[in-house]
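Asks: Below you will find the structure I want to go over with you.
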2 protein chains.
Amino acid sequence: MALIVQKFGGTSVANPDKIKAVADRVLSSHQQGHQMVVVLSAMAGETNRFVDLAHQMQALPDPREMDVLLATGEQVTVALFAMAVKERGYDAVSLLGDQVKIHTDTMHTKARITSIDTELIRGHLKAGKVVVVAGFQGVADDGNLTTLGRGGSDTTAVALAAALAADRCDIFTDVEGVYTTDPNVCATARKIDRISYDEMLELASLGAKVLDIRSVSFAKRYKVPVHVRSTFTTTEGTWVVEEDKAMESNPVSGVTYSKNEARITISKVPDRPGIASRIFTPISNEGIVVDMIIQNTRNGNLTDMTFTVPRPDYKKAMAIVEKTAKAIGAEKVTGSESIAKVSIVGVGMRNHAGIATAMFKVLSDEGINIMMISTSEIKVSCVIDEKYTELAVRTLHDAFGLDQAPKKAAKACTACKTKGAAKAKPAAKTKKK
Amino acid sequence: MALIVQKFGGTSVANPDKIKAVADRVLSSHQQGHQMVVVLSAMAGETNRFVDLAHQMQALPDPREMDVLLATGEQVTVALFAMAVKERGYDAVSLLGDQVKIHTDTMHTKARITSIDTELIRGHLKAGKVVVVAGFQGVADDGNLTTLGRGGSDTTAVALAAALAADRCDIFTDVEGVYTTDPNVCATARKIDRISYDEMLELASLGAKVLDIRSVSFAKRYKVPVHVRSTFTTTEGTWVVEEDKAMESNPVSGVTYSKNEARITISKVPDRPGIASRIFTPISNEGIVVDMIIQNTRNGNLTDMTFTVPRPDYKKAMAIVEKTAKAIGAEKVTGSESIAKVSIVGVGMRNHAGIATAMFKVLSDEGINIMMISTSEIKVSCVIDEKYTELAVRTLHDAFGLDQAPKKAAKACTACKTKGAAKAKPAAKTKKK
């Protein structure tokens, strides 16, 4: 008998019929003798409806009241779900974030879980009930309701699984699992059977939308096996688990991309200590997150500074930077919204030298110019012209053998033939904020 | 500076524009220096939507989960309202039933308030905030959410006013106040300026829908002055207050009616001790509330038993009674769904003899047959054929001078000319369950 936490997203509980189908699915595990804790999101569309209502009341809705409003979405689903279970002759109980006592900090609309009481849940499980917990919500120490931000139900589920020392956490979603790359871009994309927490963290932060990044952090920290799978089929999905030998044999596990970035370059900046702070402080003061930053040294004491910002913040960032450029005596500011970031991720990179170099060669062979490079221990990202995104993804995917089943892939990797070559060091200085 | 509790019903907060209008109205009092506690219902239509959703999940929705579901309605309104106040530059805070700590018993979907903590509200009021409380909901000692049943927001408001020792409780609704009778039936119906708690209790229990009966009980017990008035005008409504001399000068304050009843008669019941219990226990076991009961003695030891039940329960009650009749050897069971209960109410009855007799005469003069009679100290009810309802209401209304302004009415009352006559005793034995 196992203790299983199962999370179903908004599309899985979008209407009464879908809620009933999910109840059937949960009960089939319950009938096998497992203790079931179910975490639900709001019915698809509800959160947007509430956000729209809020904006009709207040130009910038009060975050505390926004949380009071948003929390009702999950409250509706858990009550309906508990009814569905009871209608089928089984016992169930719905619990809200403040009933469980999912403690969070006070950062309304993007709170972080600080601790979870498990006593109430354990009592209900012991009594044979299906426990239905409202995802996405918690309670701050001041008694105010909080929400965890979009994707927060994933975090609720994994945090609950960690707190309850559950045997596993199933994340049910509308895709079959985690793919080697976006199947809409690359026809040879394959579902990944097993992926390490670290790889999943990189993929999530690089734009893969299947799992919220905070939930992956929780899973990693508390070693919760997470099974990402489809609500609408019974096939195995992707297990997100601790790294093992098999994973390391493949240099690259996935290729991902993001078209949500824009590039800004300040040319001929007089290079002196504190200049980076002069440029970036006004930007972050406006809540704009800078991603990649590259500084190229020119002749003399002049330098070029290039960085990326989220595309929706591009115009705002440009206005700020142009003001700064004038103040510090830079020559000019240029920028582009038509860029993309393409990344390869894999724990196997640690043992396979030359992966970055191989990536650069694959892109170069296709005539794709690399504008910026950023690397981590298990990831290489390149900023390229947006129009080459799909070509780059497809070519990298197949060049690193991701179109092949895992065992063959290591051999089929045509990109990294140069075994034993020194691990690539990108030419430009790069750092990631 | 007064402390004022104001309650706005579902039609008053039916959409964002109406919520903003209510916020303006509350702020106009706040700006005069009053401490404002606002109690809100769910947006009109929301509760029905939830009930419909629940019935799609479970034939007989679980009451605990029903409360979790229903409580979201008020939660949405209070959050939106607090945003609207803040948008206007004032401070506000929304509070849910379990945050205030509106303690109730555990009778889900029809819980009763047992006590209310005022500390949190007082703190927010002291800080200058408009306090926005979700009506209709509370929390049981076991931590479960409860709701107070339809009309429960009235009860929340009056109970809060009592707990806070508020100067008054304004109940805003979609009518101008309490009327001498239903204006849709009687063109000469007048808005009542002042009415006593006891009269309001009788009117509420007899079908007047303007104020929930439990809220009137609270108001009476804690002497809370209640002002029933329209959301959509600024004219004075009806004050529900302690009885005074002026009220007693009019024998009748209001005429009301109910078409929600049905009559059942068991003929020739062998009359022996315990027979009433044999008949009524199976009915109340099914949750059917019996209203009026009349027992007529026939020749010998045979008796006829007539009583009324809510019309929606008529068929169910008939089936039960037919079974019982067979078991106890009664001759037959007859019944009718086309009856109505017409009532006159007034604290002045205590001092004016012959009011009941006068009522019987008014009805008889119009050729209306009286089937059943029930009296209390300040009320006389007659069950008549449904088709005469409007005629009876109009005739009684004008005969007791309710078409006239209060002072003139005492003189204009044509019905009770027989001053000093003995207080009417209805011929049949009547008792009210």
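Each chain in the structure tokens gets a letter, A, B, ..., in the order shown, and its residues are numbered from 1; ligands are numbered from 1 in order too.
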For range 209-214 of chain B, please output as a list in words all residues within 7 Å (counting only C-alpha atoms; exclusion window: fewer than 6 positions along the same chain).
Replies: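 Once the adjacent positions are removed, what remains is Gly151, Asp154, Thr155, Val178 and Leu201 of chain B.
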Asks: Those selected residues, please, written with C-alpha atoms and delivered as a PDB file, in the first residue's frame.
Replies:
```pdb
ATOM      1  CA  GLY B 151     -31.215  34.802   3.688  1.00  0.00           C
ATOM      2  CA  ASP B 154     -29.215  39.241   6.839  1.00  0.00           C
ATOM      3  CA  THR B 155     -28.447  37.141   9.891  1.00  0.00           C
ATOM      4  CA  VAL B 178     -41.584  46.641   4.515  1.00  0.00           C
ATOM      5  CA  LEU B 201     -41.130  38.163  13.096  1.00  0.00           C
TER       6      LEU B 201
END
```
Asks: Would you give me, as a PyMOL selection string, the residues of chain A that come within 7 Å of chain B, using only C-alpha atoms?
Replies: chain A and resi 16+54+56-58+61-62+65-66+68-69+72+75-76+79-80+82-84+87
Asks: Residues at most 9 Å from range 296-303 of chain A, counting only C-alpha atoms, excluding those fewer than 6 positions away in the same chain, as a PyMOL selection string?
Replies: chain A and resi 266-272+330+428-429
Asks: Would you return as an MDAnalysis selection string the members of range 177-349 of chain A that DSSP assigns to helix (DSSP H, G or I) on this structure's backbone?
Replies: chainID A and resid 197:205 213:222 245:248 275:285 311:328 347:349
Asks: Please report the interatomic distance between CA of Tyr388 in chain B and CA of Val342 in chain B in Å with one decimal.
Replies: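 Straight-line distance from CA of Tyr388 in chain B to CA of Val342 in chain B works out to 9.8 Å.
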Asks: How many Å separate CA of Val226 in chain B from CA of Leu160 in chain B?
Replies: 12.1 Å
Asks: Please measure the separation of CA of Gly274 in chain A and CA of Ile328 in chain A, giving the value in Å to one decimal.
Replies: 11.1 Å
Asks: Measuring atom to atom with only C-alpha atoms, identify which of A:Leu391, A:Asn351, A:Glu46, A:Thr156 is nearest to Val100 in chain A.
Replies: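 Closest to Val100 in chain A, using only C-alpha atoms: A:Thr156.
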Asks: Determine, counting only C-alpha atoms, which protein, DNA and RNA residues have an atom within 7 Å of an atom of Ile344 in chain A; residues of the same chain fewer than 6 positions away are not included. Present the result as a list of chain:residue names.
Replies: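 Using only C-alpha atoms, the neighbours found are A:Val252, A:Gly254, A:Val255, A:Thr256, A:Lys379, A:Val380, A:Ser381.
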Asks: Residues of range 197-245 of chain A in strand (DSSP E) according to DSSP, as a short mmCIF file (atom, residue, chain, number, x, y, z; two decimals) with N, CA and C atoms, in the first residue's frame?
Replies:
```cif
data_model
loop_
_atom_site.label_atom_id
_atom_site.label_comp_id
_atom_site.auth_asym_id
_atom_site.auth_seq_id
_atom_site.Cartn_x
_atom_site.Cartn_y
_atom_site.Cartn_z
N VAL A 226 8.68 12.21 -9.10
CA VAL A 226 7.55 12.87 -9.75
C VAL A 226 7.27 12.18 -11.08
N HIS A 227 5.99 11.86 -11.31
CA HIS A 227 5.62 11.20 -12.55
C HIS A 227 4.70 12.15 -13.34
N VAL A 228 5.24 12.74 -14.40
CA VAL A 228 4.47 13.65 -15.24
C VAL A 228 3.77 12.84 -16.32
N ARG A 229 2.42 12.90 -16.36
CA ARG A 229 1.71 12.02 -17.29
C ARG A 229 0.39 12.64 -17.73
N SER A 230 -0.25 12.01 -18.71
CA SER A 230 -1.46 12.57 -19.29
C SER A 230 -2.71 12.14 -18.52
N THR A 238 6.65 10.69 -17.93
CA THR A 238 8.07 10.90 -17.65
C THR A 238 8.30 10.91 -16.15
N TRP A 239 9.26 10.13 -15.70
CA TRP A 239 9.64 10.15 -14.29
C TRP A 239 10.74 11.18 -14.09
N VAL A 240 10.52 12.09 -13.15
CA VAL A 240 11.56 13.05 -12.77
C VAL A 240 12.14 12.55 -11.46
N VAL A 241 13.39 12.11 -11.52
CA VAL A 241 13.97 11.38 -10.39
C VAL A 241 15.44 11.77 -10.19
#
```
Asks: Set the distance at 9 Å and use only C-alpha atoms: which residues neighbour range 359-366 of chain B once local chain neighbours fewer than 2 positions away are removed? I'd like the list as a ChimeraX atom specification.
Replies: /B:344,354-357,368-370,380,382,391-392,395-396,399-400,415-416
Asks: For each of B:Asp170, B:Asp304, B:Glu248, B:Asp182, take the minimum atom-to-atom distance to Gly346 in chain B, counting only C-alpha atoms, then give the residue where this is smallest.
Replies: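 Answer, going by the shortest atom-to-atom distance: B:Glu248.
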